[in-house]
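Source file: entry_7.pdb; contents: PDB, C-alpha atoms, pLDDT in the B column.
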ATOM      1  CA  ILE A  22     -39.479  79.106 -96.898  1.00 41.00           C
ATOM      2  CA  ASP A  23     -38.703  81.488 -94.096  1.00 47.00           C
ATOM      3  CA  ASP A  24     -41.783  80.293 -92.229  1.00 50.00           C
ATOM      4  CA  GLY A  25     -40.771  76.639 -92.687  1.00 45.00           C
ATOM      5  CA  ILE A  26     -37.256  77.266 -91.512  1.00 43.00           C
ATOM      6  CA  THR A  27     -38.496  79.230 -88.582  1.00 45.00           C
ATOM      7  CA  GLY A  28     -41.059  76.591 -87.738  1.00 43.00           C
ATOM      8  CA  GLY A  29     -38.431  73.888 -88.025  1.00 45.00           C
ATOM      9  CA  ALA A  30     -36.123  75.794 -85.800  1.00 43.00           C
ATOM     10  CA  GLY A  31     -38.944  76.447 -83.381  1.00 44.00           C
ATOM     11  CA  GLY A  32     -39.826  72.785 -83.456  1.00 45.00           C
ATOM     12  CA  GLY A  33     -36.216  71.881 -82.725  1.00 45.00           C
ATOM     13  CA  ALA A  34     -36.058  74.332 -79.892  1.00 43.00           C
ATOM     14  CA  GLY A  35     -39.340  73.047 -78.579  1.00 45.00           C
ATOM     15  CA  GLY A  36     -37.997  69.527 -78.728  1.00 46.00           C
ATOM     16  CA  ASP A  37     -34.937  70.532 -76.737  1.00 47.00           C
ATOM     17  CA  MET A  38     -37.074  72.235 -74.117  1.00 48.00           C
ATOM     18  CA  CYS A  39     -39.343  69.187 -73.687  1.00 49.00           C
ATOM     19  CA  CYS A  40     -36.453  66.724 -73.323  1.00 48.00           C
ATOM     20  CA  PRO A  41     -33.651  68.436 -71.428  1.00 50.00           C
ATOM     21  CA  THR A  42     -30.356  66.634 -71.154  1.00 50.00           C
ATOM     22  CA  PRO A  43     -29.542  65.375 -67.659  1.00 49.00           C
ATOM     23  CA  SER A  44     -26.001  66.744 -67.690  1.00 48.00           C
ATOM     24  CA  GLY A  45     -24.913  70.364 -67.647  1.00 45.00           C
ATOM     25  CA  GLY A  46     -28.229  71.733 -66.323  1.00 47.00           C
ATOM     26  CA  ALA A  47     -29.033  73.166 -62.937  1.00 50.00           C
ATOM     27  CA  GLY A  48     -31.645  70.431 -62.271  1.00 52.00           C
ATOM     28  CA  GLY A  49     -29.325  67.479 -63.142  1.00 58.00           C
ATOM     29  CA  GLY A  50     -28.151  64.739 -60.651  1.00 67.00           C
ATOM     30  CA  ILE A  51     -29.823  62.944 -57.713  1.00 72.00           C
ATOM     31  CA  LYS A  52     -31.996  64.968 -55.398  1.00 75.00           C
ATOM     32  CA  THR A  53     -30.518  64.591 -51.911  1.00 81.00           C
ATOM     33  CA  LEU A  54     -33.502  65.808 -49.922  1.00 80.00           C
ATOM     34  CA  PRO A  55     -35.919  63.113 -51.120  1.00 78.00           C
ATOM     35  CA  LEU A  56     -33.197  60.486 -50.620  1.00 77.00           C
ATOM     36  CA  VAL A  57     -32.639  61.593 -47.018  1.00 77.00           C
ATOM     37  CA  MET A  58     -36.372  61.561 -46.379  1.00 77.00           C
ATOM     38  CA  LEU A  59     -36.625  58.046 -47.853  1.00 77.00           C
ATOM     39  CA  ILE A  60     -33.794  56.781 -45.646  1.00 76.00           C
ATOM     40  CA  MET A  61     -35.373  58.341 -42.553  1.00 75.00           C
ATOM     41  CA  LEU A  62     -38.762  56.808 -43.304  1.00 74.00           C
ATOM     42  CA  THR A  63     -37.420  53.320 -44.029  1.00 76.00           C
ATOM     43  CA  GLY A  64     -34.868  53.524 -41.190  1.00 68.00           C
ATOM     44  CA  THR A  65     -37.451  54.260 -38.538  1.00 70.00           C
ATOM     45  CA  THR A  66     -39.400  51.261 -39.771  1.00 70.00           C
ATOM     46  CA  VAL A  67     -36.541  48.754 -40.187  1.00 74.00           C
ATOM     47  CA  LEU A  68     -34.404  49.709 -37.156  1.00 72.00           C
ATOM     48  CA  PRO A  69     -36.844  48.456 -34.476  1.00 74.00           C
ATOM     49  CA  ALA A  70     -37.176  45.180 -36.357  1.00 73.00           C
ATOM     50  CA  LEU A  71     -33.388  44.785 -36.482  1.00 75.00           C
ATOM     51  CA  LEU A  72     -33.114  45.556 -32.760  1.00 74.00           C
ATOM     52  CA  TYR A  73     -35.808  43.016 -31.963  1.00 69.00           C
ATOM     53  CA  MET A  74     -34.104  40.365 -34.082  1.00 75.00           C
ATOM     54  CA  GLY A  75     -30.765  41.106 -32.413  1.00 72.00           C
ATOM     55  CA  ASP A  76     -32.258  40.740 -28.938  1.00 69.00           C
ATOM     56  CA  TYR A  77     -34.080  37.562 -29.943  1.00 64.00           C
ATOM     57  CA  PHE A  78     -31.038  35.851 -31.441  1.00 67.00           C
ATOM     58  CA  GLY A  79     -28.810  37.069 -28.583  1.00 66.00           C
ATOM     59  CA  ALA A  80     -31.176  35.566 -26.012  1.00 62.00           C
ATOM     60  CA  MET A  81     -31.344  32.337 -27.977  1.00 61.00           C
ATOM     61  CA  ILE A  82     -27.550  32.105 -28.222  1.00 57.00           C
ATOM     62  CA  GLN A  83     -27.228  32.764 -24.506  1.00 57.00           C
ATOM     63  CA  LYS A  84     -29.930  30.252 -23.631  1.00 56.00           C
ATOM     64  CA  LYS A  85     -28.503  27.507 -25.832  1.00 54.00           C
ATOM     65  CA  HIS A  86     -24.879  28.377 -24.856  1.00 54.00           C
ATOM     66  CA  LEU A  87     -23.864  28.263 -28.505  1.00 55.00           C
ATOM     67  CA  LEU A  88     -20.637  30.222 -28.053  1.00 56.00           C
ATOM     68  CA  GLY A  89     -19.708  28.112 -25.056  1.00 55.00           C
ATOM     69  CA  ASN A  90     -20.397  24.946 -27.023  1.00 58.00           C
ATOM     70  CA  ILE A  91     -18.238  26.145 -29.897  1.00 62.00           C
ATOM     71  CA  GLY A  92     -15.376  27.212 -27.623  1.00 56.00           C
ATOM     72  CA  HIS A  93     -15.558  24.020 -25.579  1.00 55.00           C
ATOM     73  CA  ARG A  94     -15.779  21.763 -28.618  1.00 61.00           C
ATOM     74  CA  LEU A  95     -12.825  23.469 -30.257  1.00 61.00           C
ATOM     75  CA  GLY A  96     -10.811  23.180 -27.040  1.00 57.00           C
ATOM     76  CA  ILE A  97     -10.085  26.886 -26.777  1.00 59.00           C
ATOM     77  CA  GLY A  98      -8.525  27.563 -23.387  1.00 59.00           C
ATOM     78  CA  PRO A  99      -8.046  25.255 -20.391  1.00 67.00           C
ATOM     79  CA  THR A 100     -11.061  23.448 -18.949  1.00 76.00           C
ATOM     80  CA  PRO A 101     -11.431  21.567 -15.634  1.00 80.00           C
ATOM     81  CA  LYS A 102     -12.923  18.566 -17.425  1.00 81.00           C
ATOM     82  CA  LYS A 103     -10.787  15.956 -15.674  1.00 83.00           C
ATOM     83  CA  ARG A 104     -11.471  17.394 -12.235  1.00 85.00           C
ATOM     84  CA  VAL A 105     -15.201  17.726 -12.905  1.00 89.00           C
ATOM     85  CA  ILE A 106     -15.464  14.109 -14.077  1.00 89.00           C
ATOM     86  CA  SER A 107     -13.539  12.803 -11.077  1.00 88.00           C
ATOM     87  CA  PHE A 108     -15.578  15.091  -8.809  1.00 89.00           C
ATOM     88  CA  TYR A 109     -18.844  13.664 -10.094  1.00 90.00           C
ATOM     89  CA  GLU A 110     -17.449  10.125  -9.886  1.00 90.00           C
ATOM     90  CA  LYS A 111     -16.915  10.811  -6.217  1.00 88.00           C
ATOM     91  CA  HIS A 112     -20.162  12.620  -5.383  1.00 89.00           C
ATOM     92  CA  ASP A 113     -22.792  12.095  -8.114  1.00 87.00           C
ATOM     93  CA  PRO A 114     -21.943   9.535 -10.840  1.00 89.00           C
ATOM     94  CA  GLU A 115     -25.245  10.143 -12.628  1.00 89.00           C
ATOM     95  CA  LYS A 116     -24.039  13.628 -13.605  1.00 87.00           C
ATOM     96  CA  ILE A 117     -21.045  12.350 -15.592  1.00 88.00           C
ATOM     97  CA  THR A 118     -23.087  12.247 -18.804  1.00 88.00           C
ATOM     98  CA  GLU A 119     -23.889  15.958 -18.375  1.00 87.00           C
ATOM     99  CA  VAL A 120     -20.293  17.142 -18.008  1.00 86.00           C
ATOM    100  CA  GLU A 121     -19.980  18.411 -21.583  1.00 83.00           C
ATOM    101  CA  GLY A 122     -23.120  20.518 -21.294  1.00 82.00           C
ATOM    102  CA  ILE A 123     -22.105  21.887 -17.888  1.00 84.00           C
ATOM    103  CA  LEU A 124     -18.672  22.904 -19.129  1.00 82.00           C
ATOM    104  CA  SER A 125     -20.112  24.598 -22.206  1.00 78.00           C
ATOM    105  CA  LYS A 126     -22.612  26.436 -19.994  1.00 79.00           C
ATOM    106  CA  TYR A 127     -19.849  27.840 -17.792  1.00 80.00           C
ATOM    107  CA  TYR A 128     -17.322  28.300 -20.587  1.00 75.00           C
ATOM    108  CA  GLY A 129     -15.111  31.275 -19.732  1.00 72.00           C
ATOM    109  CA  ASP A 130     -16.436  31.408 -16.145  1.00 75.00           C
ATOM    110  CA  TYR A 131     -15.125  28.186 -14.632  1.00 80.00           C
ATOM    111  CA  PRO A 132     -14.377  29.715 -11.181  1.00 83.00           C
ATOM    112  CA  LYS A 133     -18.136  30.228 -10.805  1.00 86.00           C
ATOM    113  CA  LEU A 134     -18.717  26.555 -11.616  1.00 86.00           C
ATOM    114  CA  VAL A 135     -16.063  25.515  -9.116  1.00 87.00           C
ATOM    115  CA  LYS A 136     -17.636  27.607  -6.343  1.00 88.00           C
ATOM    116  CA  ARG A 137     -21.090  26.199  -7.014  1.00 88.00           C
ATOM    117  CA  LEU A 138     -19.887  22.599  -7.009  1.00 89.00           C
ATOM    118  CA  GLU A 139     -17.886  23.053  -3.819  1.00 88.00           C
ATOM    119  CA  ARG A 140     -20.780  24.779  -2.064  1.00 89.00           C
ATOM    120  CA  LYS A 141     -23.338  22.214  -3.245  1.00 88.00           C
ATOM    121  CA  TYR A 142     -21.388  19.097  -2.262  1.00 88.00           C
ATOM    122  CA  GLY A 143     -19.345  20.578   0.601  1.00 86.00           C
ATOM    123  CA  ASP A 144     -16.033  19.402  -0.871  1.00 84.00           C
ATOM    124  CA  TYR A 145     -13.794  22.459  -0.734  1.00 86.00           C
ATOM    125  CA  GLY A 146     -10.308  22.525  -2.212  1.00 83.00           C
ATOM    126  CA  TYR A 147     -10.922  19.756  -4.742  1.00 85.00           C
ATOM    127  CA  PHE A 148     -10.270  22.041  -7.715  1.00 85.00           C
ATOM    128  CA  ILE A 149      -7.087  23.724  -6.434  1.00 85.00           C
ATOM    129  CA  ASN A 150      -4.559  24.199  -9.262  1.00 79.00           C
ATOM    130  CA  TRP A 151      -6.860  22.575 -11.813  1.00 80.00           C
ATOM    131  CA  GLU A 152      -5.232  24.762 -14.484  1.00 76.00           C
ATOM    132  CA  LYS A 153      -2.086  22.634 -14.227  1.00 74.00           C
ATOM    133  CA  ASP A 154      -4.084  19.640 -15.471  1.00 73.00           C
ATOM    134  CA  GLU A 155      -4.466  21.437 -18.806  1.00 69.00           C
ATOM    135  CA  ALA A 156      -0.888  22.695 -19.086  1.00 65.00           C
ATOM    136  CA  PRO A 157       0.618  21.844 -22.500  1.00 62.00           C
ATOM    137  CA  MET A 158       3.379  19.656 -21.080  1.00 68.00           C
ATOM    138  CA  THR A 159       0.949  17.828 -18.792  1.00 69.00           C
ATOM    139  CA  ILE A 160      -1.393  17.114 -21.693  1.00 68.00           C
ATOM    140  CA  ALA A 161       1.524  16.001 -23.870  1.00 73.00           C
ATOM    141  CA  PHE A 162       2.795  13.572 -21.230  1.00 77.00           C
ATOM    142  CA  ASP A 163      -0.711  12.250 -20.604  1.00 77.00           C
ATOM    143  CA  GLN A 164      -1.130  11.563 -24.305  1.00 79.00           C
ATOM    144  CA  LEU A 165       2.297   9.929 -24.369  1.00 85.00           C
ATOM    145  CA  TRP A 166       1.460   7.584 -21.475  1.00 85.00           C
ATOM    146  CA  GLU A 167      -1.924   6.745 -22.976  1.00 86.00           C
ATOM    147  CA  THR A 168      -0.266   5.904 -26.290  1.00 90.00           C
ATOM    148  CA  ARG A 169       2.313   3.771 -24.512  1.00 87.00           C
ATOM    149  CA  ASP A 170      -0.372   1.864 -22.611  1.00 89.00           C
ATOM    150  CA  MET A 171      -2.365   1.317 -25.793  1.00 91.00           C
ATOM    151  CA  LEU A 172       0.677  -0.002 -27.662  1.00 90.00           C
ATOM    152  CA  ALA A 173       1.589  -2.251 -24.731  1.00 88.00           C
ATOM    153  CA  THR A 174      -1.938  -3.674 -24.678  1.00 89.00           C
ATOM    154  CA  GLN A 175      -1.895  -4.366 -28.417  1.00 90.00           C
ATOM    155  CA  PHE A 176       1.580  -5.879 -28.165  1.00 88.00           C
ATOM    156  CA  ASP A 177       0.579  -8.221 -25.342  1.00 87.00           C
ATOM    157  CA  ARG A 178      -2.541  -9.243 -27.237  1.00 88.00           C
ATOM    158  CA  HIS A 179      -1.084  -9.931 -30.697  1.00 88.00           C
ATOM    159  CA  ALA A 180       2.699 -10.499 -30.380  1.00 87.00           C
ATOM    160  CA  PRO A 181       4.083 -14.075 -30.498  1.00 90.00           C
ATOM    161  CA  ALA A 182       5.379 -15.644 -27.304  1.00 89.00           C
ATOM    162  CA  ILE A 183       9.032 -15.590 -28.387  1.00 91.00           C
ATOM    163  CA  VAL A 184       8.813 -11.869 -29.181  1.00 89.00           C
ATOM    164  CA  LYS A 185       7.223 -11.194 -25.787  1.00 87.00           C
ATOM    165  CA  THR A 186      10.029 -13.081 -24.069  1.00 90.00           C
ATOM    166  CA  GLY A 187      12.713 -11.143 -25.960  1.00 90.00           C
ATOM    167  CA  ALA A 188      11.013  -7.827 -25.169  1.00 88.00           C
ATOM    168  CA  ARG A 189      10.748  -8.775 -21.486  1.00 88.00           C
ATOM    169  CA  ASN A 190      14.465  -9.633 -21.355  1.00 91.00           C
ATOM    170  CA  MET A 191      15.390  -6.377 -23.100  1.00 92.00           C
ATOM    171  CA  ARG A 192      13.221  -4.396 -20.679  1.00 88.00           C
ATOM    172  CA  HIS A 193      14.909  -6.087 -17.733  1.00 90.00           C
ATOM    173  CA  ASN A 194      18.412  -5.467 -19.096  1.00 92.00           C
ATOM    174  CA  PHE A 195      17.703  -1.830 -19.901  1.00 92.00           C
ATOM    175  CA  GLY A 196      16.217  -1.335 -16.451  1.00 91.00           C
ATOM    176  CA  PHE A 197      19.289  -2.846 -14.823  1.00 92.00           C
ATOM    177  CA  VAL A 198      21.646  -0.650 -16.858  1.00 93.00           C
ATOM    178  CA  TYR A 199      19.540   2.437 -16.105  1.00 92.00           C
ATOM    179  CA  LYS A 200      19.603   1.809 -12.348  1.00 92.00           C
ATOM    180  CA  LYS A 201      23.357   1.325 -12.324  1.00 91.00           C
ATOM    181  CA  GLY A 202      23.961   4.383 -14.473  1.00 93.00           C
ATOM    182  CA  TYR A 203      21.629   6.535 -12.389  1.00 90.00           C
ATOM    183  CA  ALA A 204      23.306   5.477  -9.160  1.00 91.00           C
ATOM    184  CA  LEU A 205      26.737   6.231 -10.654  1.00 91.00           C
ATOM    185  CA  TRP A 206      25.560   9.628 -11.894  1.00 89.00           C
ATOM    186  CA  LYS A 207      23.927  10.596  -8.615  1.00 85.00           C
ATOM    187  CA  LYS A 208      26.716   9.490  -6.295  1.00 88.00           C
ATOM    188  CA  GLN A 209      29.886  10.229  -8.243  1.00 89.00           C
ATOM    189  CA  VAL A 210      29.305  12.423 -11.301  1.00 87.00           C
ATOM    190  CA  TRP A 211      26.611  14.905 -10.287  1.00 81.00           C
ATOM    191  CA  PRO A 212      28.175  15.979  -6.947  1.00 82.00           C
ATOM    192  CA  VAL A 213      31.208  17.146  -8.949  1.00 84.00           C
ATOM    193  CA  LEU A 214      29.183  18.994 -11.609  1.00 82.00           C
ATOM    194  CA  GLN A 215      26.433  20.375  -9.388  1.00 75.00           C
ATOM    195  CA  PRO A 216      28.294  23.503  -8.162  1.00 73.00           C
ATOM    196  CA  TYR A 217      28.988  24.510 -11.779  1.00 74.00           C
ATOM    197  CA  LEU A 218      25.986  23.367 -13.809  1.00 74.00           C
ATOM    198  CA  GLY A 219      22.799  22.569 -11.985  1.00 65.00           C
ATOM    199  CA  VAL A 220      20.228  23.870  -9.617  1.00 63.00           C
ATOM    200  CA  PRO A 221      19.686  21.435  -6.706  1.00 59.00           C
ATOM    201  CA  ASP A 222      16.349  19.777  -6.213  1.00 67.00           C
ATOM    202  CA  ALA A 223      14.127  20.452  -3.194  1.00 71.00           C
ATOM    203  CA  LYS A 224      15.841  17.904  -0.957  1.00 75.00           C
ATOM    204  CA  ALA A 225      19.329  19.069  -1.866  1.00 72.00           C
ATOM    205  CA  ALA A 226      18.245  22.691  -1.458  1.00 75.00           C
ATOM    206  CA  ARG A 227      16.987  22.034   2.095  1.00 81.00           C
ATOM    207  CA  LYS A 228      20.216  20.216   2.929  1.00 81.00           C
ATOM    208  CA  GLN A 229      22.300  23.057   1.539  1.00 78.00           C
ATOM    209  CA  LYS A 230      20.215  25.594   3.456  1.00 83.00           C
ATOM    210  CA  LEU A 231      20.817  23.746   6.731  1.00 86.00           C
ATOM    211  CA  GLN A 232      24.522  23.619   6.018  1.00 85.00           C
ATOM    212  CA  ASP A 233      24.596  27.336   5.285  1.00 85.00           C
ATOM    213  CA  LYS A 234      22.703  28.022   8.501  1.00 87.00           C
ATOM    214  CA  LYS A 235      25.135  25.977  10.568  1.00 90.00           C
ATOM    215  CA  GLU A 236      28.059  27.695   8.892  1.00 89.00           C
ATOM    216  CA  ALA A 237      26.571  31.114   9.637  1.00 88.00           C
ATOM    217  CA  GLU A 238      25.993  30.208  13.299  1.00 89.00           C
ATOM    218  CA  ARG A 239      29.570  28.942  13.596  1.00 88.00           C
ATOM    219  CA  ARG A 240      30.926  32.175  12.176  1.00 87.00           C
ATOM    220  CA  LYS A 241      28.765  34.203  14.571  1.00 85.00           C
ATOM    221  CA  LYS A 242      30.106  32.241  17.546  1.00 84.00           C
ATOM    222  CA  GLU A 243      33.661  32.726  16.370  1.00 84.00           C
ATOM    223  CA  ALA A 244      33.039  36.438  15.925  1.00 80.00           C
ATOM    224  CA  ARG A 245      31.564  36.688  19.440  1.00 79.00           C
ATOM    225  CA  GLY A 246      34.554  34.851  20.860  1.00 71.00           C
ATOM    226  CA  GLN A 247      36.985  37.173  19.103  1.00 61.00           C
ATOM    227  CA  ARG A 248      35.109  40.223  20.351  1.00 56.00           C
ATOM    228  CA  GLY A 249      35.157  38.790  23.881  1.00 53.00           C
ATOM    229  CA  ARG A 250      38.867  38.149  23.789  1.00 54.00           C
ATOM    230  CA  SER A 251      39.484  41.585  22.360  1.00 52.00           C
ATOM    231  CA  ALA A 252      37.422  43.143  25.167  1.00 51.00           C
ATOM    232  CA  GLU A 253      39.376  41.171  27.757  1.00 51.00           C
ATOM    233  CA  PHE A 254      42.650  42.307  26.239  1.00 47.00           C
ATOM    234  CA  ARG A 255      41.450  45.895  26.258  1.00 49.00           C
ATOM    235  CA  ASP A 256      40.471  45.593  29.887  1.00 47.00           C
ATOM    236  CA  ASP A 257      43.909  44.231  30.726  1.00 45.00           C
ATOM    237  CA  ASP A 258      45.565  47.101  28.858  1.00 45.00           C
ATOM    238  CA  GLU A 259      43.387  49.657  30.604  1.00 41.00           C
ATOM    239  CA  MET A 260      44.178  48.192  34.015  1.00 41.00           C
TER     240      MET A 260
END

Show me the file's structure as structure tokens.
Amino acid sequence: IDDGITGGAGGGAGGDMCCPTPSGGAGGGIKTLPLVMLIMLTGTTVLPALLYMGDYFGAMIQKKHLLGNIGHRLGIGPTPKKRVISFYEKHDPEKITEVEGILSKYYGDYPKLVKRLERKYGDYGYFINWEKDEAPMTIAFDQLWETRDMLATQFDRHAPAIVKTGARNMRHNFGFVYKKGYALWKKQVWPVLQPYLGVPDAKAARKQKLQDKKEAERRKKEARGQRGRSAEFRDDDEM
């Protein structure tokens, strides 16, 4: 019995020694050194491939101007599209169909495009202040006028004759009232309110500047005359 118990215990101990538990022992957990070696081996193999793929796709994106196409198609930032189209209409009408591709190619570097076009065709100064063409208010007013012209065309095409006549009479009456009201405002109302409310336009500013200049010259002459009379009086007193 003692030998059986001892053998059983020895067998149990032997079983524990053959199948150690992963937790609580000194050899438990992940071995870091083999993991680091594995990462170094695979990294040195994969990294050059990733670099090559990055260079390849970067060159392809640059060659195809994908980012420029996306930015231009989405309308991000101002573009000299109107000026470029009118420029090609003037110098090379066959290039008008290529405007979209040219703008996407030079997206973000439009001054370079402007310099090349001016140097190639010898038309300098054509693109001055092209950014104002893409100002929000300018675009809004352009869209407004285009919408008005489109509605006027549709109205003239489909409206009955009696409606066209009534609209023409209303347009004439409103125009007459507007002209009379504008003349009254400009000649009688605005001159009274201008010193308190408004900033004069360019013409009024030049006129006011001339008046101020004349007033300053008149005051200088008066001051010179007073100084002359004072000097004469002092000379008389001294004599």

Spell out the residues picked by the PyMOL selection byres ((chain A and resi 124) around 9) here, as number ranges by chain.
-> A: 89-90, 93, 100-102, 105, 119-123, 125-128, 131, 134

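If you look at atom CA of Tyr109 of chain A and atom CA of Arg137 of chain A, they are 13.1 Å away from each other.
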
Using only C-alpha atoms, the residue out of A:Lys133, A:Arg104, A:Lys141, A:Lys185 with shortest distance to Lys153 of chain A is A:Arg104

Mind giving me the straight-line distance from atom CA of Tyr145 of chain A to atom CA of Phe108 of chain A in Å, one decimal?
-> 11.1 Å
